[in-house]
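Source file: final.cif; contents: mmCIF, C-alpha atoms.
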```cif
data_my_file
#
loop_
_atom_site.label_atom_id
_atom_site.label_comp_id
_atom_site.auth_asym_id
_atom_site.auth_seq_id
_atom_site.Cartn_x
_atom_site.Cartn_y
_atom_site.Cartn_z
CA MET A 186 118.15 23.73 -68.06
CA THR A 187 119.88 22.98 -64.76
CA THR A 188 122.94 24.96 -63.82
CA ALA A 189 125.76 22.90 -62.36
CA ARG A 190 126.64 24.01 -58.83
CA VAL A 191 128.85 23.20 -55.90
CA ILE A 192 126.62 22.07 -53.04
CA SER A 193 129.30 21.24 -50.46
CA VAL A 194 133.02 21.71 -49.90
CA ASN A 195 134.85 19.42 -47.50
CA SER A 196 138.37 18.99 -46.17
CA ASP A 197 140.29 17.33 -43.38
CA GLY A 198 143.91 17.75 -42.37
CA ASP A 199 144.08 14.13 -41.20
CA HIS A 200 143.89 10.97 -43.30
CA ARG A 201 140.34 9.92 -42.47
CA PHE A 202 137.74 8.50 -44.81
CA SER A 203 135.10 11.21 -44.40
CA LYS A 204 135.76 14.95 -44.66
CA PRO A 205 133.69 17.45 -42.65
CA PRO A 206 131.85 20.22 -44.53
CA GLN A 207 133.47 23.67 -44.58
CA GLU A 208 132.15 27.16 -45.32
CA SER A 209 134.80 27.39 -48.04
CA ILE A 210 137.97 25.71 -49.25
CA THR A 211 140.99 27.30 -50.87
CA LEU A 212 142.46 25.58 -53.89
CA VAL A 213 146.16 26.13 -54.57
CA ALA A 214 147.53 25.62 -58.09
CA GLY A 215 149.55 22.42 -58.41
CA LEU A 216 148.93 21.39 -54.79
CA GLY A 217 145.23 20.89 -54.07
CA VAL A 218 143.00 21.87 -51.15
CA GLU A 219 144.87 23.97 -48.62
CA GLY A 220 144.93 22.24 -45.24
CA ASP A 221 143.69 18.88 -46.59
CA ALA A 222 145.63 15.66 -45.94
CA HIS A 223 146.03 15.16 -49.72
CA PHE A 224 147.61 18.61 -50.30
CA GLY A 225 150.88 18.38 -52.21
CA ALA A 226 152.60 18.18 -55.58
CA THR A 227 153.48 14.52 -55.04
CA VAL A 228 151.16 11.70 -53.96
CA GLN A 229 149.68 11.99 -50.48
CA HIS A 230 147.44 8.91 -50.51
CA LEU A 231 149.12 6.71 -47.89
CA SER A 232 149.29 3.46 -49.89
CA ARG A 233 150.70 5.31 -52.92
CA VAL A 234 153.30 7.10 -50.80
CA ARG A 235 154.54 3.69 -49.58
CA ARG A 236 154.92 2.51 -53.21
CA ASP A 237 156.60 5.63 -54.62
CA PRO A 238 156.48 9.00 -52.82
CA THR A 239 157.86 10.82 -55.88
CA GLN A 240 154.78 10.19 -58.08
CA PRO A 241 152.93 13.33 -59.16
CA ASN A 242 149.73 13.96 -57.23
CA LEU A 243 146.94 13.45 -59.78
CA ARG A 244 144.42 13.20 -56.93
CA GLN A 245 144.62 16.72 -55.48
CA VAL A 246 140.85 17.28 -55.50
CA HIS A 247 138.14 14.62 -55.26
CA LEU A 248 134.72 15.50 -56.69
CA ILE A 249 131.48 13.50 -56.35
CA HIS A 250 128.12 14.20 -57.96
CA ARG A 251 125.30 14.55 -55.42
CA GLU A 252 123.11 12.42 -57.63
CA LEU A 253 125.15 9.37 -56.56
CA PHE A 254 123.58 9.66 -53.09
CA ASP A 255 120.17 9.04 -54.69
CA GLU A 256 121.45 5.86 -56.39
CA VAL A 257 122.76 4.07 -53.29
CA THR A 258 120.80 2.52 -50.44
CA ALA A 259 123.06 3.99 -47.73
CA ASP A 260 122.10 7.28 -46.13
CA VAL A 261 125.04 9.38 -47.36
CA VAL A 262 125.57 13.13 -47.12
CA PRO A 263 128.25 15.34 -48.71
CA GLY A 264 131.77 14.73 -47.44
CA GLN A 265 131.11 11.28 -46.03
CA LEU A 266 132.67 9.51 -49.03
CA GLY A 267 135.83 11.59 -48.72
CA GLU A 268 135.18 14.10 -51.48
CA ASN A 269 136.39 17.69 -51.37
CA VAL A 270 133.69 19.04 -53.67
CA THR A 271 130.13 17.75 -54.02
CA THR A 272 128.47 18.85 -57.26
CA ASP A 273 124.87 18.98 -58.43
CA GLY A 274 123.55 19.04 -61.99
CA LEU A 275 126.76 17.79 -63.59
CA GLU A 276 127.39 14.34 -65.06
CA LEU A 277 130.97 14.10 -63.77
CA LEU A 278 131.53 10.48 -64.77
CA GLY A 279 130.74 11.20 -68.43
CA LEU A 280 133.30 13.96 -68.84
CA PRO A 281 136.56 13.29 -70.69
CA ARG A 282 140.04 13.42 -69.18
CA GLY A 283 141.42 16.94 -69.36
CA THR A 284 138.04 18.63 -68.85
CA ARG A 285 138.45 21.85 -66.90
CA LEU A 286 135.87 22.82 -64.32
CA HIS A 287 135.71 26.48 -63.35
CA LEU A 288 134.49 26.50 -59.76
CA GLY A 289 133.16 29.86 -58.64
CA GLU A 290 134.92 33.03 -59.73
CA GLU A 291 138.58 31.94 -59.85
CA ALA A 292 139.35 28.28 -59.24
CA VAL A 293 139.95 25.85 -62.10
CA VAL A 294 140.54 22.11 -61.77
CA GLU A 295 141.42 19.64 -64.53
CA LEU A 296 140.03 16.11 -64.42
CA THR A 297 142.74 13.44 -64.30
CA GLY A 298 140.69 10.29 -63.82
CA LEU A 299 138.21 8.25 -61.86
CA ARG A 300 138.41 7.56 -58.16
CA ASN A 301 139.27 3.92 -57.64
CA PRO A 302 137.13 3.03 -54.61
CA CYS A 303 138.57 0.67 -52.04
CA VAL A 304 137.50 -1.41 -49.06
CA GLN A 305 137.28 1.73 -46.89
CA ILE A 306 133.86 2.35 -48.45
CA ASP A 307 132.63 -0.95 -46.98
CA ARG A 308 134.12 -0.03 -43.61
CA PHE A 309 132.07 3.17 -43.76
CA GLU A 310 128.88 1.32 -44.82
CA PRO A 311 128.89 -2.46 -45.38
CA GLY A 312 127.84 -3.33 -48.95
CA LEU A 313 128.33 0.20 -50.33
CA LEU A 314 131.40 -0.76 -52.37
CA LYS A 315 129.24 -3.05 -54.55
CA GLU A 316 126.91 -0.11 -55.19
CA VAL A 317 129.65 2.27 -56.34
CA VAL A 318 131.65 -0.30 -58.33
CA GLY A 319 129.83 -2.61 -60.68
CA THR A 320 129.90 -3.98 -64.20
CA ASP A 321 128.10 -2.92 -67.34
CA ALA A 322 126.30 -5.18 -69.83
CA ASP A 323 129.64 -6.01 -71.49
CA GLY A 324 131.27 -6.99 -68.18
CA ALA A 325 133.46 -3.88 -67.97
CA THR A 326 134.04 -2.37 -64.53
CA VAL A 327 132.03 0.78 -63.82
CA ARG A 328 133.30 3.12 -61.10
CA LYS A 329 130.78 5.65 -59.75
CA ALA A 330 132.58 7.10 -56.70
CA GLY A 331 133.60 10.35 -58.33
CA VAL A 332 136.49 11.87 -60.22
CA MET A 333 139.93 13.19 -59.35
CA ALA A 334 141.48 16.46 -60.47
CA VAL A 335 144.50 18.71 -60.19
CA VAL A 336 144.30 22.42 -59.46
CA VAL A 337 145.20 24.56 -62.49
CA THR A 338 144.20 27.95 -61.02
CA GLY A 339 143.75 28.55 -57.33
CA GLY A 340 140.85 30.26 -55.64
CA VAL A 341 138.19 30.00 -52.98
CA VAL A 342 135.29 27.59 -53.57
CA ARG A 343 132.02 27.77 -51.63
CA PRO A 344 128.69 25.95 -51.63
CA GLY A 345 126.40 27.60 -54.18
CA ASP A 346 129.24 28.44 -56.59
CA ALA A 347 128.47 27.86 -60.26
CA ILE A 348 130.46 25.28 -62.22
CA ASP A 349 131.42 26.07 -65.81
CA VAL A 350 132.59 23.09 -67.88
CA ARG A 351 135.30 23.45 -70.55
CA LEU A 352 135.93 20.34 -72.60
CA PRO A 353 139.42 19.57 -73.95
CA ALA A 354 140.17 19.40 -77.66
CA GLU A 355 138.97 16.28 -79.43
CA PRO A 356 139.57 13.40 -79.65
CA PHE A 357 138.27 12.89 -76.11
CA GLU A 358 139.95 10.42 -73.78
CA ALA A 359 137.69 8.58 -71.35
CA LEU A 360 138.44 8.87 -67.66
CA ALA A 361 140.31 5.89 -66.20
CA PRO A 362 141.22 5.12 -62.58
CA VAL A 363 144.08 7.16 -61.09
#
```

Can you turn what I pasted into structure tokens?
Amino acid sequence: MTTARVISVNSDGDHRFSKPPQESITLVAGLGVEGDAHFGATVQHLSRVRRDPTQPNLRQVHLIHRELFDEVTADVVPGQLGENVTTDGLELLGLPRGTRLHLGEEAVVELTGLRNPCVQIDRFEPGLLKEVVGTDADGATVRKAGVMAVVVTGGVVRPGDAIDVRLPAEPFEALAPV
């Protein structure tokens, strides 16, 4: 059985698409990744700030499963799609809303929803948006570009840290775009 692990942690103090890898990141409860452009209790995503800067920040931490890189034709490495945490051995997209991920020894994040990929992905690599957003057999939109979370318990997260998954009480609610 594969153990879920963090393989990369990434942050950037500026609003850029990609985030450079770090030796560690510090998660702060209710705020996100210390020093990251999306750090804050209210929305930090630029287009959302323009709409309503008082909205709660449900996108404090962005997580992507490394396995996505194997599914796309682009040569992508951790951090290039803007994620803060790159995981391995964990089916992020299949987890329900409210799932808590214990990252390393202290940090805990709670999944709030799916990342809603935008045209910036095509600016990074033309055609990649079609690979990370598609439709299933029933015509429903399928988003594969990771999940968003809020920080419940702060702590330091490093590559190699184990990930422990704690599901919420049933009935489960599927992740939706946030």

Extending 3 Å beyond the listed atoms of range 325-336 of chain A on each side, what axis-aligned box results? I want centre and edge lengths in Å to one decimal, as AutoDock Vina command-line options.
```
--center_x 137.6 --center_y 9.3 --center_z -62.3 --size_x 19.7 --size_y 32.3 --size_z 17.3
```

- Residues returned when the PyMOL selection byres ((chain A and resi 305) around 12) runs on this file, as a list in words: His200, Arg201, Phe202, Ser203, Gln265, Leu266, Gly267, Asn301, Pro302, Cys303, Val304, Ile306, Asp307, Arg308, Phe309, Glu310, Pro311, Gly312, Leu313 and Leu314 of chain A

Quick one: write out the picked residues with C-alpha atoms as a PDB file, in the frame of the given file?
```pdb
ATOM      1  CA  HIS A 200     143.890  10.970 -43.300  1.00  0.00           C
ATOM      2  CA  ARG A 201     140.340   9.920 -42.470  1.00  0.00           C
ATOM      3  CA  PHE A 202     137.740   8.500 -44.810  1.00  0.00           C
ATOM      4  CA  SER A 203     135.100  11.210 -44.400  1.00  0.00           C
ATOM      5  CA  GLN A 265     131.110  11.280 -46.030  1.00  0.00           C
ATOM      6  CA  LEU A 266     132.670   9.510 -49.030  1.00  0.00           C
ATOM      7  CA  GLY A 267     135.830  11.590 -48.720  1.00  0.00           C
ATOM      8  CA  ASN A 301     139.270   3.920 -57.640  1.00  0.00           C
ATOM      9  CA  PRO A 302     137.130   3.030 -54.610  1.00  0.00           C
ATOM     10  CA  CYS A 303     138.570   0.670 -52.040  1.00  0.00           C
ATOM     11  CA  VAL A 304     137.500  -1.410 -49.060  1.00  0.00           C
ATOM     12  CA  ILE A 306     133.860   2.350 -48.450  1.00  0.00           C
ATOM     13  CA  ASP A 307     132.630  -0.950 -46.980  1.00  0.00           C
ATOM     14  CA  ARG A 308     134.120  -0.030 -43.610  1.00  0.00           C
ATOM     15  CA  PHE A 309     132.070   3.170 -43.760  1.00  0.00           C
ATOM     16  CA  GLU A 310     128.880   1.320 -44.820  1.00  0.00           C
ATOM     17  CA  PRO A 311     128.890  -2.460 -45.380  1.00  0.00           C
ATOM     18  CA  GLY A 312     127.840  -3.330 -48.950  1.00  0.00           C
ATOM     19  CA  LEU A 313     128.330   0.200 -50.330  1.00  0.00           C
ATOM     20  CA  LEU A 314     131.400  -0.760 -52.370  1.00  0.00           C
TER      21      LEU A 314
END
```

- Task: For range 220-224 of chain A, work out the shell of residues within 10 Å, counting only C-alpha atoms and skipping chain neighbours fewer than 6 positions away, then give it as a ChimeraX atom specification.
- Result: /A:195-201,204,210-213,230-231,242,244-247,269

Restricted to C-alpha atoms, what would the selected residues look like written as a PDB file, in the coordinates of the input?
```
ATOM      1  CA  ASN A 195     134.850  19.420 -47.500  1.00  0.00           C
ATOM      2  CA  SER A 196     138.370  18.990 -46.170  1.00  0.00           C
ATOM      3  CA  ASP A 197     140.290  17.330 -43.380  1.00  0.00           C
ATOM      4  CA  GLY A 198     143.910  17.750 -42.370  1.00  0.00           C
ATOM      5  CA  ASP A 199     144.080  14.130 -41.200  1.00  0.00           C
ATOM      6  CA  HIS A 200     143.890  10.970 -43.300  1.00  0.00           C
ATOM      7  CA  ARG A 201     140.340   9.920 -42.470  1.00  0.00           C
ATOM      8  CA  LYS A 204     135.760  14.950 -44.660  1.00  0.00           C
ATOM      9  CA  ILE A 210     137.970  25.710 -49.250  1.00  0.00           C
ATOM     10  CA  THR A 211     140.990  27.300 -50.870  1.00  0.00           C
ATOM     11  CA  LEU A 212     142.460  25.580 -53.890  1.00  0.00           C
ATOM     12  CA  VAL A 213     146.160  26.130 -54.570  1.00  0.00           C
ATOM     13  CA  HIS A 230     147.440   8.910 -50.510  1.00  0.00           C
ATOM     14  CA  LEU A 231     149.120   6.710 -47.890  1.00  0.00           C
ATOM     15  CA  ASN A 242     149.730  13.960 -57.230  1.00  0.00           C
ATOM     16  CA  ARG A 244     144.420  13.200 -56.930  1.00  0.00           C
ATOM     17  CA  GLN A 245     144.620  16.720 -55.480  1.00  0.00           C
ATOM     18  CA  VAL A 246     140.850  17.280 -55.500  1.00  0.00           C
ATOM     19  CA  HIS A 247     138.140  14.620 -55.260  1.00  0.00           C
ATOM     20  CA  ASN A 269     136.390  17.690 -51.370  1.00  0.00           C
TER      21      ASN A 269
END
```

- Query: What separation in Å, quoted to one decimal, exists between CA of Ala292 in chain A and CA of Val318 in chain A?
  - Reply: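 Distance between the two atoms: 29.6 Å.
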
- Task: Mind checking which residues fall within 6 Å of range 249-263 of chain A, counting all atoms listed in the file, ignoring those fewer than 2 positions away in the same chain, and posting them as a list of chain:residue names?
- Result: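 In the requested form, the answer reads A:Gln265, A:Thr271, A:Thr272, A:Asp273, A:Gly331.
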
- Ground truth for the PyMOL selection byres ((chain A and resi 293) around 7), written as a list in words: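 Selected by the PyMOL selection byres ((chain A and resi 293) around 7) here: Arg285, Leu286, His287, Leu288, Glu291, Ala292, Val294, Glu295, Val336, Val337, Thr338 and Gly339 of chain A.
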
- Item | Picked residues, the PyMOL selection byres ((chain A and resi 354) around 12), expected as a PyMOL selection string | chain A and resi 281-285+351-353+355-358

What would range 217-244 of chain A look like with N, CA and C atoms in place, written as an mmCIF file, in the coordinates of the input?
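Ended up saving to out_32.cif:
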```cif
data_model
loop_
_atom_site.group_PDB
_atom_site.id
_atom_site.type_symbol
_atom_site.label_atom_id
_atom_site.label_comp_id
_atom_site.auth_asym_id
_atom_site.auth_seq_id
_atom_site.Cartn_x
_atom_site.Cartn_y
_atom_site.Cartn_z
ATOM 1 N N GLY A 217 146.505 21.433 -54.534
ATOM 2 C CA GLY A 217 145.230 20.890 -54.070
ATOM 3 C C GLY A 217 144.514 21.786 -53.099
ATOM 4 N N VAL A 218 143.826 21.156 -52.132
ATOM 5 C CA VAL A 218 143.000 21.870 -51.150
ATOM 6 C C VAL A 218 143.876 22.218 -49.949
ATOM 7 N N GLU A 219 144.045 23.498 -49.740
ATOM 8 C CA GLU A 219 144.870 23.970 -48.620
ATOM 9 C C GLU A 219 144.364 23.379 -47.306
ATOM 10 N N GLY A 220 145.281 22.797 -46.536
ATOM 11 C CA GLY A 220 144.930 22.240 -45.240
ATOM 12 C C GLY A 220 144.402 20.812 -45.277
ATOM 13 N N ASP A 221 144.197 20.254 -46.476
ATOM 14 C CA ASP A 221 143.690 18.880 -46.590
ATOM 15 C C ASP A 221 144.860 17.901 -46.536
ATOM 16 N N ALA A 222 144.591 16.689 -46.060
ATOM 17 C CA ALA A 222 145.630 15.660 -45.940
ATOM 18 C C ALA A 222 146.242 15.277 -47.295
ATOM 19 N N HIS A 223 145.529 15.523 -48.391
ATOM 20 C CA HIS A 223 146.030 15.160 -49.720
ATOM 21 C C HIS A 223 146.681 16.326 -50.448
ATOM 22 N N PHE A 224 146.991 17.406 -49.737
ATOM 23 C CA PHE A 224 147.610 18.610 -50.300
ATOM 24 C C PHE A 224 149.071 18.334 -50.615
ATOM 25 N N GLY A 225 149.476 18.543 -51.853
ATOM 26 C CA GLY A 225 150.880 18.380 -52.210
ATOM 27 C C GLY A 225 151.073 18.108 -53.688
ATOM 28 N N ALA A 226 152.272 18.397 -54.176
ATOM 29 C CA ALA A 226 152.600 18.180 -55.580
ATOM 30 C C ALA A 226 152.855 16.709 -55.883
ATOM 31 N N THR A 227 153.278 15.955 -54.867
ATOM 32 C CA THR A 227 153.480 14.520 -55.040
ATOM 33 C C THR A 227 152.394 13.777 -54.266
ATOM 34 N N VAL A 228 152.240 12.485 -54.548
ATOM 35 C CA VAL A 228 151.160 11.700 -53.960
ATOM 36 C C VAL A 228 151.116 11.837 -52.442
ATOM 37 N N GLN A 229 149.900 11.897 -51.918
ATOM 38 C CA GLN A 229 149.680 11.990 -50.480
ATOM 39 C C GLN A 229 148.837 10.829 -49.973
ATOM 40 N N HIS A 230 148.235 10.077 -50.884
ATOM 41 C CA HIS A 230 147.440 8.910 -50.510
ATOM 42 C C HIS A 230 148.416 7.909 -49.888
ATOM 43 N N LEU A 231 148.147 7.475 -48.672
ATOM 44 C CA LEU A 231 149.120 6.710 -47.890
ATOM 45 C C LEU A 231 149.650 5.469 -48.594
ATOM 46 N N SER A 232 148.788 4.677 -49.228
ATOM 47 C CA SER A 232 149.290 3.460 -49.890
ATOM 48 C C SER A 232 150.175 3.812 -51.082
ATOM 49 N N ARG A 233 149.887 4.898 -51.762
ATOM 50 C CA ARG A 233 150.700 5.310 -52.920
ATOM 51 C C ARG A 233 152.035 5.888 -52.466
ATOM 52 N N VAL A 234 152.048 6.568 -51.341
ATOM 53 C CA VAL A 234 153.300 7.100 -50.800
ATOM 54 C C VAL A 234 154.251 5.945 -50.475
ATOM 55 N N ARG A 235 153.700 4.856 -49.903
ATOM 56 C CA ARG A 235 154.540 3.690 -49.580
ATOM 57 C C ARG A 235 155.158 3.086 -50.841
ATOM 58 N N ARG A 236 154.415 3.087 -51.956
ATOM 59 C CA ARG A 236 154.920 2.510 -53.210
ATOM 60 C C ARG A 236 155.970 3.403 -53.855
ATOM 61 N N ASP A 237 155.675 4.699 -53.967
ATOM 62 C CA ASP A 237 156.600 5.630 -54.620
ATOM 63 C C ASP A 237 156.206 7.064 -54.267
ATOM 64 N N PRO A 238 156.860 7.651 -53.264
ATOM 65 C CA PRO A 238 156.480 9.000 -52.820
ATOM 66 C C PRO A 238 156.815 10.111 -53.808
ATOM 67 N N THR A 239 157.497 9.789 -54.914
ATOM 68 C CA THR A 239 157.860 10.820 -55.880
ATOM 69 C C THR A 239 156.833 10.964 -57.013
ATOM 70 N N GLN A 240 155.807 10.111 -57.029
ATOM 71 C CA GLN A 240 154.780 10.190 -58.080
ATOM 72 C C GLN A 240 154.084 11.542 -58.031
ATOM 73 N N PRO A 241 153.718 12.092 -59.177
ATOM 74 C CA PRO A 241 152.930 13.330 -59.160
ATOM 75 C C PRO A 241 151.558 13.078 -58.544
ATOM 76 N N ASN A 242 151.036 14.068 -57.867
ATOM 77 C CA ASN A 242 149.730 13.960 -57.230
ATOM 78 C C ASN A 242 148.636 14.301 -58.237
ATOM 79 N N LEU A 243 148.039 13.276 -58.822
ATOM 80 C CA LEU A 243 146.940 13.450 -59.780
ATOM 81 C C LEU A 243 145.598 13.417 -59.079
ATOM 82 N N ARG A 244 145.628 13.328 -57.733
ATOM 83 C CA ARG A 244 144.420 13.200 -56.930
ATOM 84 C C ARG A 244 144.342 14.349 -55.909
#
```
